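Peer 1: First the structure, then my questions, so here it is.
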Amino acid sequence: MAYAFKPVILIKIEELLAKISRNTEDYAKAPGKILAWAIAALLIFFVFFTVRFNGLADINAQDYAQIARHLSRGEGFTTSLIRPQSLTASPLVTQHPELTSPPLYIFILSEMFNRFGATDKVACLTSALFYLLSIPVFFFAAWRLFDIRAASLALALYITSAPLLDYSISGLPMSFLVFLFLLLLLSVYSLDGKSVIRSAAAGALVGACYLTQYAYIALYFPLVVHLFFLCETPRERVRHIVFATLACLVVIFPWICRNLAVTAQPFFTFDFLKPVFFSDSFPGNSVLRLAREVHYSPGLLAKTLVKKIHFGFNGQYQQVLFLPHNYLMAFFLVSIFTILQNIQTLILRRFVLFAGAVMVGILSLFYPGANILVPFIPFVIMAAADFFYTTISASYLVTSRKAKVVAITVFIIINVYPLATRIILGGASRTAYPKDRMEMIRNLVGEKEIVVTDIPWAVAWYCDRTAVWLPLTEIDYTIVKRTTGAINNIYLSPLLFEYPRAENVEIWKNIFLTRQVPRAIFLSKGTYLKEGGMFLSNEAKWEKYQQTETTNDGGTPGIE
């Protein structure tokens, strides 16, 4: 029997050709896989958008939108939503500088308004744009941090994540912040303690996050600690930390200059007052509705912050545990105690955990408020997907390929459940700001007039009028009136009665219910609008819009 022997070189060539052939087949399949994922992501998003979209429901989204519209008109970073407290920093009512919201997302939104018009749909699709852009970034990050199999599973979980889809059509900057945070994770992952350019890039992204959500300036501290442990010598540590710090400062420098020009304080924002909100000393948002300067004694401030942290942690631990709105957090928490083969991912996980701990502390201070932990959801999804895939691959219960496919399918289906309930059972909610009501207010309030109202965000956005949030007391109303020159319009909507008790709007509820107006707030004419709510003025402006109206009687506004 004859045996055919092949030279070693020939065997190597055949193996190489076979490998090239397999890779060619894989590369040929890649465009099809990418197209399939893109179609799936877009289909899920547009089904969700079609079912759930009903304008800007969030009051902060309306606030962002009206500021962006001012910016798109060339009126600067100004606002039509006047918080009485902001008059203590700038008494201007027309072209009042915005002193609460960070600028980066608003600037992007203003550019979208310039190109496509200032509408609810454009505002929502702007946040959706960054959600869709985050999908390939997420997949690339999951691939680099873990592997292609974990990344594919994570991608399926990401495009069916109910909270991320909720934010994608909210008109809020959260999707943009998620996008930036993913870039930051990739940047931190690439740090090697040698390239100062990479350290500078990470610092610049921290600055961009700060200009999107002020609380995210706290990421600077985890980054500094990360660089400290990553670099080998004290000299290198100082060098990299300085470059990261300078890059961060360069990014935020224009905004620092603007704040200096407007308020004489480089980091001024009323957003930093939120830690004292919803406390015994300052219930609800009452601080923002005060037209007087608030003096915080060190003892009172310390007592308030300690109590806020205590109750914040007690109230927020469930929010942390159910961050992705499903079971994934449990898998993520268990994955923390596993040893990863990728040492860079292990180091990055340390950074994420430290940054998350810092944000949990800030969240407890800001409680109740926006969930600033949302940008951490993508990493939770990645780590949970990797842990699950690794577990079933090594499990003696899942031995066959078919069993593994079934396990992964069930895993994804359970993840899809919160999204399915939103689509099948929960359609778009009814708007709290009907079009006819907003058009009536727009008609009743002149372009250069102001209106005191309980829905200033909606009046500023939908009516394009200057709206003052309800002053807390008659004294604050008098101060606002003296500062603005004159107040000739008050509108109290039906939503006034949905205000939490802590907001202390009893004076305004009494006006609505009893028709008795305090002397300091007195306006001579008034009516209940058929579109809903009460309107007070010094003249019966509604006569040409409504067939019936009642004049005042003996100094008390006549209410129809």
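Ordering of the structure tokens sets the chain letters (A, B, ...), residue numbers begin anew at 1 in every chain, and ligands are numbered from 1 in the order given.
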As a ChimeraX atom specification, please: the residues near Gln213 in chain A (cut-off 10 Å, only C-alpha atoms, same-chain neighbours under 5 positions excluded).
Peer 2: /A:101-105,173-174,177,207-208,271,372
Peer 1: For all heavy atoms, I'd like the residues from the last selection saved as a PDB file, in the first residue's frame.
Peer 2:
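Written output follows (part13.pdb):
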ATOM      1  N   SER A 101     -29.837  75.034  32.754  1.00  0.00           N
ATOM      2  CA  SER A 101     -29.542  73.888  31.889  1.00  0.00           C
ATOM      3  C   SER A 101     -28.156  73.982  31.269  1.00  0.00           C
ATOM      4  O   SER A 101     -27.710  75.069  30.880  1.00  0.00           O
ATOM      5  CB  SER A 101     -30.591  73.787  30.780  1.00  0.00           C
ATOM      6  OG  SER A 101     -31.890  73.711  31.318  1.00  0.00           O
ATOM      7  N   PRO A 102     -27.464  72.840  31.110  1.00  0.00           N
ATOM      8  CA  PRO A 102     -26.174  72.825  30.408  1.00  0.00           C
ATOM      9  C   PRO A 102     -26.373  73.021  28.909  1.00  0.00           C
ATOM     10  O   PRO A 102     -27.446  72.729  28.380  1.00  0.00           O
ATOM     11  CB  PRO A 102     -25.618  71.429  30.731  1.00  0.00           C
ATOM     12  CG  PRO A 102     -26.818  70.604  31.057  1.00  0.00           C
ATOM     13  CD  PRO A 102     -27.827  71.523  31.659  1.00  0.00           C
ATOM     14  N   PRO A 103     -25.346  73.471  28.185  1.00  0.00           N
ATOM     15  CA  PRO A 103     -25.574  73.984  26.829  1.00  0.00           C
ATOM     16  C   PRO A 103     -25.378  73.024  25.656  1.00  0.00           C
ATOM     17  O   PRO A 103     -25.905  73.268  24.571  1.00  0.00           O
ATOM     18  CB  PRO A 103     -24.529  75.096  26.739  1.00  0.00           C
ATOM     19  CG  PRO A 103     -23.381  74.566  27.559  1.00  0.00           C
ATOM     20  CD  PRO A 103     -24.005  73.785  28.689  1.00  0.00           C
ATOM     21  N   LEU A 104     -24.609  71.950  25.814  1.00  0.00           N
ATOM     22  CA  LEU A 104     -24.148  71.217  24.637  1.00  0.00           C
ATOM     23  C   LEU A 104     -25.291  70.612  23.827  1.00  0.00           C
ATOM     24  O   LEU A 104     -25.382  70.805  22.610  1.00  0.00           O
ATOM     25  CB  LEU A 104     -23.156  70.121  25.053  1.00  0.00           C
ATOM     26  CG  LEU A 104     -22.465  69.368  23.893  1.00  0.00           C
ATOM     27  CD1 LEU A 104     -21.783  70.339  22.946  1.00  0.00           C
ATOM     28  CD2 LEU A 104     -21.454  68.359  24.456  1.00  0.00           C
ATOM     29  N   TYR A 105     -26.175  69.879  24.481  1.00  0.00           N
ATOM     30  CA  TYR A 105     -27.285  69.267  23.748  1.00  0.00           C
ATOM     31  C   TYR A 105     -28.223  70.335  23.189  1.00  0.00           C
ATOM     32  O   TYR A 105     -28.756  70.187  22.075  1.00  0.00           O
ATOM     33  CB  TYR A 105     -28.068  68.329  24.666  1.00  0.00           C
ATOM     34  CG  TYR A 105     -29.231  67.673  23.971  1.00  0.00           C
ATOM     35  CD1 TYR A 105     -29.024  66.641  23.057  1.00  0.00           C
ATOM     36  CD2 TYR A 105     -30.539  68.087  24.222  1.00  0.00           C
ATOM     37  CE1 TYR A 105     -30.097  66.042  22.407  1.00  0.00           C
ATOM     38  CE2 TYR A 105     -31.614  67.488  23.579  1.00  0.00           C
ATOM     39  CZ  TYR A 105     -31.382  66.464  22.677  1.00  0.00           C
ATOM     40  OH  TYR A 105     -32.434  65.881  22.028  1.00  0.00           O
ATOM     41  N   PRO A 173     -31.750  65.096  26.756  1.00  0.00           N
ATOM     42  CA  PRO A 173     -30.370  64.855  26.321  1.00  0.00           C
ATOM     43  C   PRO A 173     -29.808  63.511  26.768  1.00  0.00           C
ATOM     44  O   PRO A 173     -28.629  63.249  26.554  1.00  0.00           O
ATOM     45  CB  PRO A 173     -29.595  66.006  26.968  1.00  0.00           C
ATOM     46  CG  PRO A 173     -30.381  66.341  28.187  1.00  0.00           C
ATOM     47  CD  PRO A 173     -31.820  66.113  27.830  1.00  0.00           C
ATOM     48  N   MET A 174     -30.607  62.638  27.371  1.00  0.00           N
ATOM     49  CA  MET A 174     -30.076  61.412  27.955  1.00  0.00           C
ATOM     50  C   MET A 174     -29.465  60.484  26.897  1.00  0.00           C
ATOM     51  O   MET A 174     -28.417  59.870  27.139  1.00  0.00           O
ATOM     52  CB  MET A 174     -31.157  60.680  28.732  1.00  0.00           C
ATOM     53  CG  MET A 174     -30.620  59.626  29.676  1.00  0.00           C
ATOM     54  SD  MET A 174     -29.457  60.288  30.903  1.00  0.00           S
ATOM     55  CE  MET A 174     -30.569  61.152  32.013  1.00  0.00           C
ATOM     56  N   LEU A 177     -26.154  61.754  26.124  1.00  0.00           N
ATOM     57  CA  LEU A 177     -25.231  61.474  27.226  1.00  0.00           C
ATOM     58  C   LEU A 177     -24.795  60.011  27.210  1.00  0.00           C
ATOM     59  O   LEU A 177     -23.629  59.712  27.493  1.00  0.00           O
ATOM     60  CB  LEU A 177     -25.904  61.819  28.562  1.00  0.00           C
ATOM     61  CG  LEU A 177     -25.029  61.722  29.813  1.00  0.00           C
ATOM     62  CD1 LEU A 177     -23.839  62.667  29.711  1.00  0.00           C
ATOM     63  CD2 LEU A 177     -25.854  62.048  31.062  1.00  0.00           C
ATOM     64  N   GLY A 207     -15.362  66.585  29.927  1.00  0.00           N
ATOM     65  CA  GLY A 207     -15.856  67.957  29.757  1.00  0.00           C
ATOM     66  C   GLY A 207     -17.141  67.999  28.949  1.00  0.00           C
ATOM     67  O   GLY A 207     -18.069  68.740  29.283  1.00  0.00           O
ATOM     68  N   ALA A 208     -17.208  67.189  27.887  1.00  0.00           N
ATOM     69  CA  ALA A 208     -18.420  67.134  27.064  1.00  0.00           C
ATOM     70  C   ALA A 208     -19.598  66.574  27.863  1.00  0.00           C
ATOM     71  O   ALA A 208     -20.735  67.054  27.734  1.00  0.00           O
ATOM     72  CB  ALA A 208     -18.169  66.281  25.818  1.00  0.00           C
ATOM     73  N   ASP A 271     -28.885  74.485  38.901  1.00  0.00           N
ATOM     74  CA  ASP A 271     -28.955  73.024  38.970  1.00  0.00           C
ATOM     75  C   ASP A 271     -28.254  72.509  40.224  1.00  0.00           C
ATOM     76  O   ASP A 271     -28.620  71.463  40.762  1.00  0.00           O
ATOM     77  CB  ASP A 271     -28.314  72.414  37.721  1.00  0.00           C
ATOM     78  CG  ASP A 271     -28.855  71.032  37.412  1.00  0.00           C
ATOM     79  OD1 ASP A 271     -30.078  70.830  37.520  1.00  0.00           O
ATOM     80  OD2 ASP A 271     -28.063  70.144  37.076  1.00  0.00           O
ATOM     81  N   ILE A 372     -29.649  59.832  36.792  1.00  0.00           N
ATOM     82  CA  ILE A 372     -28.387  60.103  36.107  1.00  0.00           C
ATOM     83  C   ILE A 372     -27.544  58.848  35.937  1.00  0.00           C
ATOM     84  O   ILE A 372     -26.435  58.918  35.384  1.00  0.00           O
ATOM     85  CB  ILE A 372     -27.582  61.190  36.848  1.00  0.00           C
ATOM     86  CG1 ILE A 372     -27.298  60.760  38.293  1.00  0.00           C
ATOM     87  CG2 ILE A 372     -28.301  62.512  36.816  1.00  0.00           C
ATOM     88  CD1 ILE A 372     -26.418  61.731  39.052  1.00  0.00           C
TER      89      ILE A 372
END
Peer 1: Using only C-alpha atoms, determine which residues lie at most 8 Å from Ile490 in chain A, disregarding the query and same-chain residues fewer than 4 positions distant; provide the list as a list of chain:residue names.
Peer 2: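 Returned residues: A:Val451, A:Val452, A:Thr453, A:Phe535, A:Leu536, A:Ser537.
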Peer 1: I need the residues from that last selection saved to file as a JSON list (two decimals), in the first residue's frame (with N, CA and C atoms), if you can.
Peer 2:
[["chain", "number", "residue", "atom", "x", "y", "z"],
["A", 451, "VAL", "N", -46.64, 86.23, 31.34],
["A", 451, "VAL", "CA", -47.77, 85.59, 32.00],
["A", 451, "VAL", "C", -47.26, 84.76, 33.16],
["A", 452, "VAL", "N", -47.89, 84.91, 34.30],
["A", 452, "VAL", "CA", -47.59, 84.08, 35.47],
["A", 452, "VAL", "C", -48.45, 82.82, 35.37],
["A", 453, "THR", "N", -47.86, 81.66, 35.48],
["A", 453, "THR", "CA", -48.61, 80.43, 35.25],
["A", 453, "THR", "C", -47.99, 79.24, 35.98],
["A", 535, "PHE", "N", -58.16, 82.47, 33.51],
["A", 535, "PHE", "CA", -57.29, 83.53, 32.99],
["A", 535, "PHE", "C", -57.67, 84.85, 33.65],
["A", 536, "LEU", "N", -56.66, 85.53, 34.20],
["A", 536, "LEU", "CA", -56.86, 86.83, 34.83],
["A", 536, "LEU", "C", -56.08, 87.89, 34.06],
["A", 537, "SER", "N", -56.67, 89.08, 33.95],
["A", 537, "SER", "CA", -56.02, 90.16, 33.24],
["A", 537, "SER", "C", -56.64, 91.47, 33.69]]
Peer 1: Quick one: everything within 10 Å of Ile455 in chain A, counting only C-alpha atoms, minus sequence neighbours fewer than 4 positions away in the same chain. Send it as a ChimeraX atom specification.
Peer 2: /A:59,81,433,459-460,467-470,491-496
Peer 1: Produce a file of the selected residues containing all heavy atoms, as a CSV table (one decimal), in the first residue's frame.
Peer 2:
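Contents of result-v6.csv, freshly written:
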chain,number,residue,atom,x,y,z
A,59,ILE,N,-41.5,67.9,31.0
A,59,ILE,CA,-41.4,69.4,31.1
A,59,ILE,C,-40.0,69.8,30.9
A,59,ILE,O,-39.8,70.9,30.4
A,59,ILE,CB,-41.9,69.8,32.5
A,59,ILE,CG1,-41.1,69.3,33.7
A,59,ILE,CG2,-43.4,69.5,32.7
A,59,ILE,CD1,-41.5,69.8,35.0
A,81,LEU,N,-38.7,80.8,30.1
A,81,LEU,CA,-39.2,80.2,31.3
A,81,LEU,C,-38.5,80.9,32.5
A,81,LEU,O,-37.3,80.6,32.7
A,81,LEU,CB,-39.0,78.7,31.4
A,81,LEU,CG,-39.8,77.9,32.4
A,81,LEU,CD1,-39.6,76.4,32.1
A,81,LEU,CD2,-39.3,78.1,33.8
A,433,TYR,N,-51.2,69.1,27.5
A,433,TYR,CA,-51.3,70.5,26.9
A,433,TYR,C,-52.0,70.5,25.6
A,433,TYR,O,-51.3,70.5,24.5
A,433,TYR,CB,-49.9,71.0,26.8
A,433,TYR,CG,-49.0,70.8,28.0
A,433,TYR,CD1,-48.1,69.7,28.1
A,433,TYR,CD2,-49.2,71.5,29.2
A,433,TYR,CE1,-47.3,69.5,29.2
A,433,TYR,CE2,-48.5,71.3,30.3
A,433,TYR,CZ,-47.5,70.3,30.3
A,433,TYR,OH,-46.8,70.0,31.5
A,459,VAL,N,-46.1,77.0,28.3
A,459,VAL,CA,-46.4,78.3,27.7
A,459,VAL,C,-45.1,78.8,26.9
A,459,VAL,O,-45.3,79.4,25.8
A,459,VAL,CB,-46.8,79.3,28.8
A,459,VAL,CG1,-46.9,80.7,28.3
A,459,VAL,CG2,-48.1,78.8,29.4
A,460,ALA,N,-44.0,78.6,27.5
A,460,ALA,CA,-42.7,79.0,26.8
A,460,ALA,C,-42.5,78.3,25.5
A,460,ALA,O,-42.1,78.9,24.5
A,460,ALA,CB,-41.5,78.8,27.8
A,467,ALA,N,-43.0,83.2,30.3
A,467,ALA,CA,-43.8,82.7,31.4
A,467,ALA,C,-43.0,82.7,32.7
A,467,ALA,O,-41.9,82.2,32.7
A,467,ALA,CB,-44.3,81.3,31.0
A,468,VAL,N,-43.7,83.2,33.7
A,468,VAL,CA,-43.1,83.2,35.1
A,468,VAL,C,-43.7,82.1,35.9
A,468,VAL,O,-44.9,82.0,35.9
A,468,VAL,CB,-43.3,84.6,35.8
A,468,VAL,CG1,-42.7,84.5,37.2
A,468,VAL,CG2,-42.6,85.7,34.9
A,469,TRP,N,-42.9,81.3,36.5
A,469,TRP,CA,-43.4,80.2,37.3
A,469,TRP,C,-44.0,80.8,38.6
A,469,TRP,O,-43.5,81.8,39.1
A,469,TRP,CB,-42.2,79.3,37.7
A,469,TRP,CG,-42.7,77.9,38.1
A,469,TRP,CD1,-44.0,77.4,38.2
A,469,TRP,CD2,-41.9,76.8,38.6
A,469,TRP,NE1,-44.0,76.2,38.7
A,469,TRP,CE2,-42.7,75.8,38.9
A,469,TRP,CE3,-40.5,76.7,38.7
A,469,TRP,CZ2,-42.2,74.5,39.3
A,469,TRP,CZ3,-40.0,75.5,39.1
A,469,TRP,CH2,-40.8,74.4,39.5
A,470,LEU,N,-45.1,80.2,39.0
A,470,LEU,CA,-45.9,80.8,40.2
A,470,LEU,C,-45.0,81.2,41.3
A,470,LEU,O,-44.3,80.4,42.0
A,470,LEU,CB,-46.9,79.7,40.7
A,470,LEU,CG,-47.9,79.2,39.7
A,470,LEU,CD1,-48.8,78.2,40.4
A,470,LEU,CD2,-48.8,80.4,39.3
A,491,TYR,N,-52.4,82.9,34.2
A,491,TYR,CA,-53.1,81.7,33.7
A,491,TYR,C,-52.9,80.6,34.7
A,491,TYR,O,-51.7,80.2,34.9
A,491,TYR,CB,-52.7,81.3,32.3
A,491,TYR,CG,-53.4,80.0,31.9
A,491,TYR,CD1,-54.7,80.0,31.7
A,491,TYR,CD2,-52.6,78.9,31.7
A,491,TYR,CE1,-55.4,78.8,31.3
A,491,TYR,CE2,-53.3,77.7,31.3
A,491,TYR,CZ,-54.6,77.6,31.1
A,491,TYR,OH,-55.3,76.5,30.8
A,492,LEU,N,-54.0,80.0,35.2
A,492,LEU,CA,-53.9,78.9,36.1
A,492,LEU,C,-54.6,77.7,35.4
A,492,LEU,O,-55.8,77.8,35.1
A,492,LEU,CB,-54.6,79.2,37.4
A,492,LEU,CG,-54.1,80.4,38.2
A,492,LEU,CD1,-55.0,80.6,39.4
A,492,LEU,CD2,-52.6,80.2,38.5
A,493,SER,N,-53.8,76.7,35.1
A,493,SER,CA,-54.4,75.5,34.3
A,493,SER,C,-55.0,74.5,35.2
A,493,SER,O,-54.8,74.5,36.4
A,493,SER,CB,-53.2,74.9,33.5
A,493,SER,OG,-52.5,74.0,34.3
A,494,PRO,N,-55.8,73.5,34.7
A,494,PRO,CA,-56.3,72.4,35.5
A,494,PRO,C,-55.2,71.6,36.1
A,494,PRO,O,-55.4,70.9,37.1
A,494,PRO,CB,-57.1,71.6,34.5
A,494,PRO,CG,-57.5,72.6,33.4
A,494,PRO,CD,-56.3,73.5,33.3
A,495,LEU,N,-54.0,71.6,35.6
A,495,LEU,CA,-52.9,70.9,36.1
A,495,LEU,C,-52.4,71.4,37.5
A,495,LEU,O,-51.6,70.7,38.2
A,495,LEU,CB,-51.7,70.8,35.1
A,495,LEU,CG,-51.9,70.2,33.8
A,495,LEU,CD1,-50.7,70.3,32.9
A,495,LEU,CD2,-52.3,68.7,34.0
A,496,LEU,N,-52.8,72.6,37.8
A,496,LEU,CA,-52.5,73.2,39.1
A,496,LEU,C,-52.8,72.2,40.3
A,496,LEU,O,-52.1,72.1,41.3
A,496,LEU,CB,-53.2,74.5,39.3
A,496,LEU,CG,-53.0,75.2,40.6
A,496,LEU,CD1,-51.6,75.7,40.8
A,496,LEU,CD2,-53.9,76.4,40.7
Peer 1: Would you mind listing what lies within 10 Å of Asp386 in chain A as a PyMOL selection string, with only C-alpha atoms counted and same-chain residues fewer than 3 positions away left out?
Peer 2: chain A and resi 142+145-154+331-332+335+340+380-383+389-391
Peer 1: Residues near Asn326 in chain A, anyone? I mean within 8 Å using only C-alpha atoms, not counting same-chain ones fewer than 4 positions away, as a list in words.
Peer 2: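 In the requested format, the answer is Phe322, Asn415 and Pro418 of chain A.
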Peer 1: Which of these, A:Lys121, A:Arg350, A:His96, A:Arg115, has the shortest distance to Ile67 in chain A once you count only C-alpha atoms?
Peer 2: A:His96
Peer 1: Out of A:Ser168, A:Asn259, A:Thr466, A:Ser187, which residue has the shortest atom-to-atom distance to Ser134 in chain A when counting only C-alpha atoms?
Peer 2: A:Ser168
Peer 1: Could you list, as an MDAnalysis selection string, every residue within 8 Å of range 232-243 of chain A, counting only C-alpha atoms and ignoring same-chain residues fewer than 4 positions away?
Peer 2: chainID A and resid 193:194 196:197 199:200 203 224 227:228 247
Peer 1: Which residue out of A:Ile475, A:Leu230, A:Ala458, A:Ile450 has the minimum interatomic distance to Asp192 in chain A when only C-alpha atoms are used?
Peer 2: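 Under the stated criterion, the closest residue is A:Leu230.
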Peer 1: Could you check which of A:Phe411, A:Phe376, A:Tyr477, A:Phe351 is closest to Phe181 in chain A, using only C-alpha atoms?
Peer 2: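 Closest candidate: A:Phe376.
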Peer 1: Please identify which residues in range 22-266 of chain A DSSP calls strand (DSSP E or B) from the backbone, and express them as an NGL selection string.
Peer 2: :A and (78-79 or 81-82 or 96-97)
Peer 1: Set the distance at 12 Å and use only C-alpha atoms: which residues neighbour Thr478 in chain A once local chain neighbours fewer than 2 positions away are removed? I'd like the list as an MDAnalysis selection string.
Peer 2: chainID A and resid 84 290:292 470:476 480:487 518:522
Peer 1: Just how far from CA of Ser170 in chain A is CA of Cys463 in chain A, in Å to one decimal?
Peer 2: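 Between these atoms lies a distance of 19.8 Å.
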Peer 1: Name the residues of range 427-551 of chain A that come out as alpha helix (DSSP H) in a backbone DSSP run; write them as an MDAnalysis selection string.
Peer 2: chainID A and resid 435:444 456:458 474:484 506:514
